[in-house]
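Asks: Structure below; questions to follow.
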Amino acid sequence: MGTAPDFAAWAVPDLVIPLGGRTYTVQPPSVGDMGKLLACAVRGEVNLKLVKGPIPDEVQEILDTIGPGEHPALGDTYAQMVADGLHPTTIDRMAYYAIFYWARGKEYADALATLLFTPRDLDADSDESEGEPDPKGS
């Protein structure tokens with residue numbers, strides 16, 4: 001009898017998040033965490049107004065089972081980020097990215113992160129050629 005093939009090439013790969021000089025490696029969510037992660041994705045899409053709310057009761061029930069210090073999209077990496085002293089907003093952004101990475105795929109997560117987190121130059125958005133009044137005082 002032969003041996004089974006090595007499934008490593010077929011398994012879901014880790015999510016690798018570089019941040020400055022560090023790299024965080026997030027393992028794919030377990031079967032048990034996947035329901036929680038999908039509930040987080042629903043909440044995220046409602047909160048970001050990508051989907052009209054409210055959050056369905058059955059989804060909220062799943063969200064209510066997520067304990068303090070637990071994040072189904074980041075797994076054990078969440079505790080490492082907290083221990084490393086990352087700013088809460090940075091962790092929150094990484095969590096949003098991970099949620100949508102696992103739930104909707106890399107392209108969706110990349111596009112959403114770019115839309116949400118890319119700094120914008122508000123002055124560059126105005127077009128002076130349209131005859132808008134100059135915001136400077138007279």
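Just so we're on the same page: first chain in the structure tokens is A, next is B, and so on; residues restart at 1 for each chain, and ligands are numbered from 1 in the order they show up.
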Name the residues of stretch 10-82 of chain A that fall into helix (DSSP H, G or I) according to DSSP on the backbone, using the chain letters and numbers of this document, as a ChimeraX atom specification.

Replies: /A:31-47,57-63,76-82

Asks: Might you pull out every residue within 7 Å of A:Leu63, with only C-alpha atoms counted and same-chain residues fewer than 4 positions away left off, and present them as a list in words?

Replies: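 Once the adjacent positions are removed, what remains is Lys36, Ala39, Cys40 and Val59 of chain A.
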
Asks: Would you list the contacts of A:Thr77 as a list in words, taking every protein, DNA or RNA residue within 12 Å and counting only C-alpha atoms, but skipping same-chain residues closer than 4 positions in sequence?

Replies: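 Listed by chain and then number, they are Asp14, Leu15, Val16, Ile17, Thr23, Tyr24, Thr25, Val26, Gln27, Pro28, Pro29, Gly69, Glu70, His71, Pro72, Ala73, Met81, Val82, Ala83, Asp84, Leu86, Ile91, Met94, Ala95 and Ala98 of chain A.
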
Asks: Run DSSP on the backbone and grab whatever in stretch 1-136 of chain A lands in strand (DSSP E); send it over as a short mmCIF file (atom, residue, chain, number, x, y, z; two decimals) with all heavy atoms, in the first residue's frame.

Replies:
data_model
loop_
_atom_site.label_atom_id
_atom_site.label_comp_id
_atom_site.auth_asym_id
_atom_site.auth_seq_id
_atom_site.Cartn_x
_atom_site.Cartn_y
_atom_site.Cartn_z
N LEU A 15 -2.33 33.28 7.07
CA LEU A 15 -2.37 34.68 6.67
C LEU A 15 -1.13 35.34 7.29
O LEU A 15 -0.94 35.27 8.51
CB LEU A 15 -3.64 35.35 7.20
CG LEU A 15 -3.71 36.88 7.13
CD1 LEU A 15 -3.56 37.38 5.70
CD2 LEU A 15 -5.02 37.36 7.74
N VAL A 16 -0.30 35.92 6.47
CA VAL A 16 0.92 36.56 6.94
C VAL A 16 0.72 38.07 6.86
O VAL A 16 0.42 38.61 5.78
CB VAL A 16 2.14 36.11 6.10
CG1 VAL A 16 3.40 36.83 6.56
CG2 VAL A 16 2.30 34.59 6.20
N ILE A 17 0.86 38.75 8.01
CA ILE A 17 0.63 40.19 8.10
C ILE A 17 1.94 40.87 8.52
O ILE A 17 2.31 40.81 9.69
CB ILE A 17 -0.48 40.53 9.11
CG1 ILE A 17 -1.78 39.82 8.75
CG2 ILE A 17 -0.68 42.04 9.18
CD1 ILE A 17 -2.88 40.00 9.79
N PRO A 18 2.63 41.52 7.57
CA PRO A 18 3.83 42.27 7.94
C PRO A 18 3.43 43.61 8.56
O PRO A 18 2.48 44.25 8.11
CB PRO A 18 4.56 42.45 6.62
CG PRO A 18 3.53 42.29 5.56
CD PRO A 18 2.40 41.49 6.14
N LEU A 19 4.15 44.01 9.57
CA LEU A 19 3.90 45.30 10.23
C LEU A 19 5.24 45.85 10.68
O LEU A 19 5.81 45.38 11.68
CB LEU A 19 2.96 45.14 11.41
CG LEU A 19 2.69 46.42 12.20
CD1 LEU A 19 1.93 47.44 11.35
CD2 LEU A 19 1.92 46.13 13.47
N ARG A 22 8.04 43.60 12.16
CA ARG A 22 7.47 42.33 12.65
C ARG A 22 6.61 41.70 11.57
O ARG A 22 6.09 42.38 10.70
CB ARG A 22 6.57 42.58 13.86
CG ARG A 22 7.31 42.72 15.15
CD ARG A 22 6.35 42.52 16.30
NE ARG A 22 5.99 41.12 16.44
CZ ARG A 22 6.45 40.31 17.37
NH1 ARG A 22 7.31 40.76 18.24
NH2 ARG A 22 6.07 39.06 17.45
N THR A 23 6.42 40.41 11.72
CA THR A 23 5.49 39.70 10.86
C THR A 23 4.61 38.84 11.75
O THR A 23 5.11 38.08 12.57
CB THR A 23 6.23 38.81 9.84
OG1 THR A 23 7.05 39.65 9.02
CG2 THR A 23 5.26 38.05 8.96
N TYR A 24 3.31 39.00 11.61
CA TYR A 24 2.34 38.20 12.35
C TYR A 24 1.80 37.12 11.43
O TYR A 24 1.42 37.40 10.30
CB TYR A 24 1.20 39.07 12.89
CG TYR A 24 1.67 40.02 13.95
CD1 TYR A 24 2.06 41.32 13.65
CD2 TYR A 24 1.78 39.60 15.28
CE1 TYR A 24 2.52 42.18 14.63
CE2 TYR A 24 2.24 40.45 16.27
CZ TYR A 24 2.61 41.75 15.93
OH TYR A 24 3.07 42.59 16.91
N THR A 25 1.79 35.89 11.93
CA THR A 25 1.28 34.76 11.17
C THR A 25 0.00 34.27 11.83
O THR A 25 0.01 33.89 13.00
CB THR A 25 2.33 33.64 11.10
OG1 THR A 25 3.52 34.17 10.51
CG2 THR A 25 1.83 32.47 10.26
N VAL A 26 -1.08 34.31 11.08
CA VAL A 26 -2.40 33.93 11.59
C VAL A 26 -2.79 32.61 10.94
O VAL A 26 -2.85 32.52 9.71
CB VAL A 26 -3.46 35.01 11.27
CG1 VAL A 26 -4.80 34.63 11.86
CG2 VAL A 26 -2.99 36.38 11.76
#

Asks: Neighbouring residues of A:Tyr101 were defined as those with any atom within 9 Å, considering only C-alpha atoms; residues of the same chain fewer than 5 positions away were excluded. Please report them as a list in words.

Replies: Leu15, Ala73, Tyr96, Lys106, Glu107, Tyr108, Ala109 and Asp110 of chain A

Asks: Just C-alpha atoms for this one: save the residues we selected as a compact mmCIF listing (two decimals), in the first residue's frame.

Replies:
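Saved to out_3.txt:
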# COMPACT_ATOMS: atom_id res chain seq x y z
CA LEU A 15 -2.37 34.68 6.67
CA ALA A 73 -10.24 35.83 12.69
CA TYR A 96 -11.18 43.70 9.92
CA LYS A 106 -7.74 38.20 -0.29
CA GLU A 107 -8.94 40.44 -3.14
CA TYR A 108 -12.00 41.58 -1.18
CA ALA A 109 -9.97 42.13 2.01
CA ASP A 110 -7.30 44.08 0.12

Asks: So how far away is atom CA of A:Thr114 from atom CA of A:Val42, in Å?

Replies: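 Spanning atom CA of A:Val42 to atom CA of A:Thr114 is a straight-line distance of 19.4 Å.
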
Asks: May I ask which of the residues A:Ala9, A:Ala41, A:Val31, A:Ala113 is the closest one to A:Gln60, counting only C-alpha atoms?

Replies: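 Of the candidates, the smallest distance to A:Gln60 is held by A:Ala41.
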
Asks: I'd like the interatomic distance between atom CA of A:Gly75 and atom CA of A:Leu38, to a tenth of an Å.

Replies: 14.0 Å
